[in-house]
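With PDB, C-alpha atoms and all ligand atoms inside, this is protein.pdb:
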```
ATOM      1  CA  THR A   1      43.976 -34.112  86.280
ATOM      2  CA  TYR A   2      43.766 -37.232  88.434
ATOM      3  CA  VAL A   3      41.576 -37.396  91.518
ATOM      4  CA  VAL A   4      41.708 -39.253  94.834
ATOM      5  CA  THR A   5      38.244 -40.572  95.675
ATOM      6  CA  GLU A   6      36.288 -41.982  98.603
ATOM      7  CA  ASN A   7      38.064 -45.265  99.151
ATOM      8  CA  CYS A   8      41.259 -43.514 100.268
ATOM      9  CA  ILE A   9      39.470 -42.346 103.419
ATOM     10  CA  ARG A  10      40.613 -44.225 106.552
ATOM     11  CA  CYS A  11      43.079 -46.258 104.452
ATOM     12  CA  LYS A  12      45.721 -43.758 103.297
ATOM     13  CA  TYR A  13      48.095 -46.439 102.097
ATOM     14  CA  THR A  14      50.382 -43.757 100.553
ATOM     15  CA  ASP A  15      51.893 -46.116  97.953
ATOM     16  CA  CYS A  16      50.760 -43.523  95.416
ATOM     17  CA  VAL A  17      53.150 -40.781  96.469
ATOM     18  CA  ASP A  18      56.426 -42.599  95.809
ATOM     19  CA  VAL A  19      55.804 -42.801  92.061
ATOM     20  CA  CYS A  20      54.533 -39.277  91.469
ATOM     21  CA  PRO A  21      57.139 -37.451  89.365
ATOM     22  CA  VAL A  22      55.902 -34.019  90.425
ATOM     23  CA  ASP A  23      55.171 -34.668  94.136
ATOM     24  CA  CYS A  24      51.666 -33.294  93.899
ATOM     25  CA  PHE A  25      49.984 -35.288  96.685
ATOM     26  CA  ARG A  26      48.777 -33.506  99.813
ATOM     27  CA  GLU A  27      48.152 -35.241 103.131
ATOM     28  CA  GLY A  28      45.277 -34.727 105.521
ATOM     29  CA  PRO A  29      44.385 -36.649 108.680
ATOM     30  CA  ASN A  30      42.830 -39.668 106.970
ATOM     31  CA  MET A  31      43.073 -39.092 103.213
ATOM     32  CA  LEU A  32      45.343 -37.757 100.516
ATOM     33  CA  VAL A  33      44.375 -35.510  97.624
ATOM     34  CA  ILE A  34      46.045 -34.541  94.351
ATOM     35  CA  ALA A  35      46.859 -30.899  93.637
ATOM     36  CA  PRO A  36      45.000 -30.396  90.351
ATOM     37  CA  ASP A  37      47.252 -27.599  89.109
ATOM     38  CA  GLU A  38      50.372 -29.721  89.529
ATOM     39  CA  CYS A  39      49.308 -33.200  88.316
ATOM     40  CA  ILE A  40      50.740 -33.910  84.856
ATOM     41  CA  ASP A  41      48.295 -36.744  84.089
ATOM     42  CA  CYS A  42      50.948 -39.448  83.911
ATOM     43  CA  GLY A  43      48.694 -42.070  85.511
ATOM     44  CA  LEU A  44      51.577 -43.762  87.351
ATOM     45  CA  CYS A  45      49.839 -43.560  90.708
ATOM     46  CA  VAL A  46      46.688 -45.404  89.644
ATOM     47  CA  PRO A  47      47.979 -49.015  89.772
ATOM     48  CA  GLU A  48      49.948 -48.311  92.964
ATOM     49  CA  CYS A  49      46.858 -47.702  95.090
ATOM     50  CA  PRO A  50      45.760 -50.856  96.980
ATOM     51  CA  ALA A  51      42.359 -49.237  97.447
ATOM     52  CA  ASP A  52      41.861 -48.372  93.747
ATOM     53  CA  ALA A  53      40.978 -44.865  94.880
ATOM     54  CA  ILE A  54      42.619 -42.835  92.087
ATOM     55  CA  PHE A  55      40.893 -42.031  88.804
ATOM     56  CA  ALA A  56      41.391 -39.768  85.843
ATOM     57  CA  GLY A  57      39.079 -36.799  86.136
ATOM     58  CA  ASP A  58      36.847 -38.001  83.319
ATOM     59  CA  GLU A  59      36.646 -41.528  84.739
ATOM     60  CA  VAL A  60      35.580 -40.722  88.288
ATOM     61  CA  PRO A  61      32.852 -43.229  89.275
ATOM     62  CA  PRO A  62      29.203 -42.164  89.524
ATOM     63  CA  GLY A  63      28.401 -40.528  92.829
ATOM     64  CA  GLN A  64      31.973 -39.418  93.446
ATOM     65  CA  HIS A  65      32.211 -36.365  91.249
ATOM     66  CA  ASP A  66      32.275 -34.104  94.294
ATOM     67  CA  PHE A  67      35.773 -35.422  94.951
ATOM     68  CA  ILE A  68      37.037 -33.423  91.980
ATOM     69  CA  ALA A  69      36.211 -30.164  93.751
ATOM     70  CA  LEU A  70      37.233 -31.653  97.088
ATOM     71  CA  ASN A  71      40.752 -32.459  95.857
ATOM     72  CA  ALA A  72      41.091 -28.873  94.643
ATOM     73  CA  GLU A  73      39.753 -27.429  97.883
ATOM     74  CA  LEU A  74      41.770 -29.598 100.278
ATOM     75  CA  THR A  75      44.997 -28.985  98.338
ATOM     76  CA  HIS A  76      44.970 -25.521  99.892
ATOM     77  CA  ALA A  77      43.268 -26.330 103.194
ATOM     78  CA  PRO A  78      45.034 -25.423 106.439
ATOM     79  CA  GLY A  79      47.165 -28.278 107.721
ATOM     80  CA  TRP A  80      47.195 -30.248 104.462
ATOM     81  CA  ARG A  81      50.839 -30.656 103.448
ATOM     82  CA  PRO A  82      52.865 -32.220 100.660
ATOM     83  CA  ILE A  83      53.740 -35.889 101.135
ATOM     84  CA  VAL A  84      56.483 -37.267  98.909
ATOM     85  CA  ARG A  85      57.474 -40.577 100.538
ATOM     86  CA  THR A  86      55.398 -43.643 101.288
ATOM     87  CA  VAL A  87      54.709 -44.151 104.994
ATOM     88  CA  LEU A  88      52.752 -46.767 106.944
ATOM     89  CA  PRO A  89      49.039 -46.882 106.144
ATOM     90  CA  LEU A  90      46.455 -46.040 108.788
ATOM     91  CA  PRO A  91      46.239 -48.898 111.309
ATOM     92  CA  ASP A  92      42.862 -50.264 110.169
ATOM     93  CA  ALA A  93      43.410 -49.620 106.463
ATOM     94  CA  ASP A  94      42.702 -53.195 105.400
ATOM     95  CA  ILE A  95      39.462 -53.236 107.388
ATOM     96  CA  TRP A  96      38.222 -49.987 105.840
ATOM     97  CA  ASN A  97      39.320 -50.775 102.295
ATOM     98  CA  GLY A  98      36.158 -51.122 100.211
ATOM     99  CA  LYS A  99      33.659 -50.093 102.894
ATOM    100  CA  ALA A 100      30.753 -47.983 101.692
ATOM    101  CA  GLY A 101      29.833 -44.606 103.116
ATOM    102  CA  LYS A 102      33.302 -43.431 104.043
ATOM    103  CA  ARG A 103      32.626 -39.996 102.586
ATOM    104  CA  ALA A 104      31.124 -38.861 105.884
ATOM    105  CA  LEU A 105      34.251 -39.946 107.765
ATOM    106  CA  LEU A 106      36.618 -37.559 105.998
ATOM    107  CA  GLU A 107      38.627 -35.519 108.482
ATOM    108  CA  ARG A 108      39.923 -32.084 107.592
TER     109      ARG A 108
HETATM  110 FE1  LIG B 201      51.290 -37.673  90.184
HETATM  111 FE2  LIG B 201      51.014 -38.749  87.774
HETATM  112 FE3  LIG B 201      49.333 -39.454  89.723
HETATM  113 FE4  LIG B 201      49.207 -36.997  88.666
HETATM  114  S1  LIG B 201      48.747 -38.917  87.623
HETATM  115  S2  LIG B 201      49.137 -37.510  90.841
HETATM  116  S3  LIG B 201      51.373 -36.578  88.215
HETATM  117  S4  LIG B 201      51.547 -39.852  89.662
HETATM  118 FE1  LIG B 202      44.994 -43.170  99.284
HETATM  119 FE2  LIG B 202      45.529 -45.093  97.628
HETATM  120 FE3  LIG B 202      47.272 -43.189  97.913
HETATM  121  S1  LIG B 202      44.542 -45.311  99.597
HETATM  122  S2  LIG B 202      46.999 -42.607 100.034
HETATM  123  S3  LIG B 202      45.209 -42.952  97.113
HETATM  124  S4  LIG B 202      47.724 -45.345  97.707
END
```
What does this structure look like when you write it as structure tokens?
Ligand code: SF4
Ligand code: F3S
Amino acid sequence: TYVVTENCIRCKYTDCVDVCPVDCFREGPNMLVIAPDECIDCGLCVPECPADAIFAGDEVPPGQHDFIALNAELTHAPGWRPIVRTVLPLPDADIWNGKAGKRALLER
């Protein structure tokens, strides 16, 4: 399964959702995740992300492996809902894109 990682936080560009053939993205306040049981591993979303935040499960960068479990957990978290159409990114997305240490800023 594919995984949304740290650099999505506070960006949430949402370009990824338009191309997903199975609509398996879920939206939280400042990040999206991928429902692991629904992703069909097509890889279409990867080049769409301006933040390069999406990776195949076996290619998740060092230090970000906790996002595999986090995607699974947040898929079913209260308030996290399916998102199937691209919407405007968060207002300061371009400023936050690439910043280190965003993990602590995740809102649930
Ligand atoms: Fe959707 Fe394909 Fe990305 Fe999985 S890899 S989230 S099925 S676009
Ligand atoms: Fe996040 Fe990239 Fe999608 S920033 S919302 S994974 S396009």
Quick one: everything within 12 Å of Gln64 in chain A, counting all atoms listed in the file, minus sequence neighbours fewer than 5 positions away in the same chain. Send it as a VMD selection string. chain A and resid 3 to 7 53 to 55 57 to 59 69 to 71 100 to 103
Mind giving me the axis-aligned box for ligand LIG 201 (chain B) with 5 Å on every side, centre plus edges in Å to one decimal, as lines of an AutoDock Vina configuration file?
```
center_x = 50.1
center_y = -38.2
center_z = 89.2
size_x = 12.8
size_y = 13.3
size_z = 13.2
```
May I ask which of the residues A:Pro21, A:Arg108, A:Arg10, A:Pro29 is the closest one to Ala77 in chain A, counting all atoms listed in the file?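 Comparing A:Pro21, A:Arg108, A:Arg10, A:Pro29 against Ala77 in chain A, the winner is A:Arg108.
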Within 12 Å of ligand LIG 201 (chain B) (counting only C-alpha atoms and all ligand atoms), which residues show up? I'd like them as a ChimeraX atom specification. /A:1-4,14-26,32-49,53-57,71,82-84
What is the distance between CA of Tyr13 in chain A and CA of Asp52 in chain A, in Å to one decimal? 10.6 Å
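Take CA of Ala72 in chain A and CA of Pro89 in chain A: the distance between them is 22.8 Å.
With distances taken over all atoms listed in the file, A:Thr86 is the one residue among A:Leu106, A:Pro62, A:Thr86, A:Lys99 lying closest to ligand LIG 202 (chain B).
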Go through A:Leu74, A:Ile68, A:Leu90, A:Ala104 one by one, measure the shortest atom-to-atom distance of each to ligand LIG 202 (chain B) using only C-alpha atoms and all ligand atoms, and give the residue with the smallest value.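 Closest residue, counting only C-alpha atoms and all ligand atoms: A:Leu90.
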May I ask which of the residues A:Val60, A:Gly28, A:Thr75, A:Ala51 is the closest one to ligand LIG 202 (chain B), counting all atoms listed in the file?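 Checking each candidate against ligand LIG 202 (chain B), we get A:Ala51 as the closest.
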In terms of all atoms listed in the file, the residue from A:Glu73, A:Asp66, A:Asp94, A:Glu107 at minimal distance from ligand LIG 202 (chain B) is A:Asp94
Suppose you want the space between CA of Pro78 in chain A and CA of Lys12 in chain A; what is it in Å?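 Separating CA of Pro78 in chain A from CA of Lys12 in chain A is a distance of 18.6 Å.
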Nearest residue to ligand LIG 202 (chain B) out of A:Cys11, A:Leu105, A:Ile95, A:Val87, using all atoms listed in the file?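 Between A:Cys11, A:Leu105, A:Ile95, A:Val87, the residue approaching ligand LIG 202 (chain B) most closely is A:Cys11.
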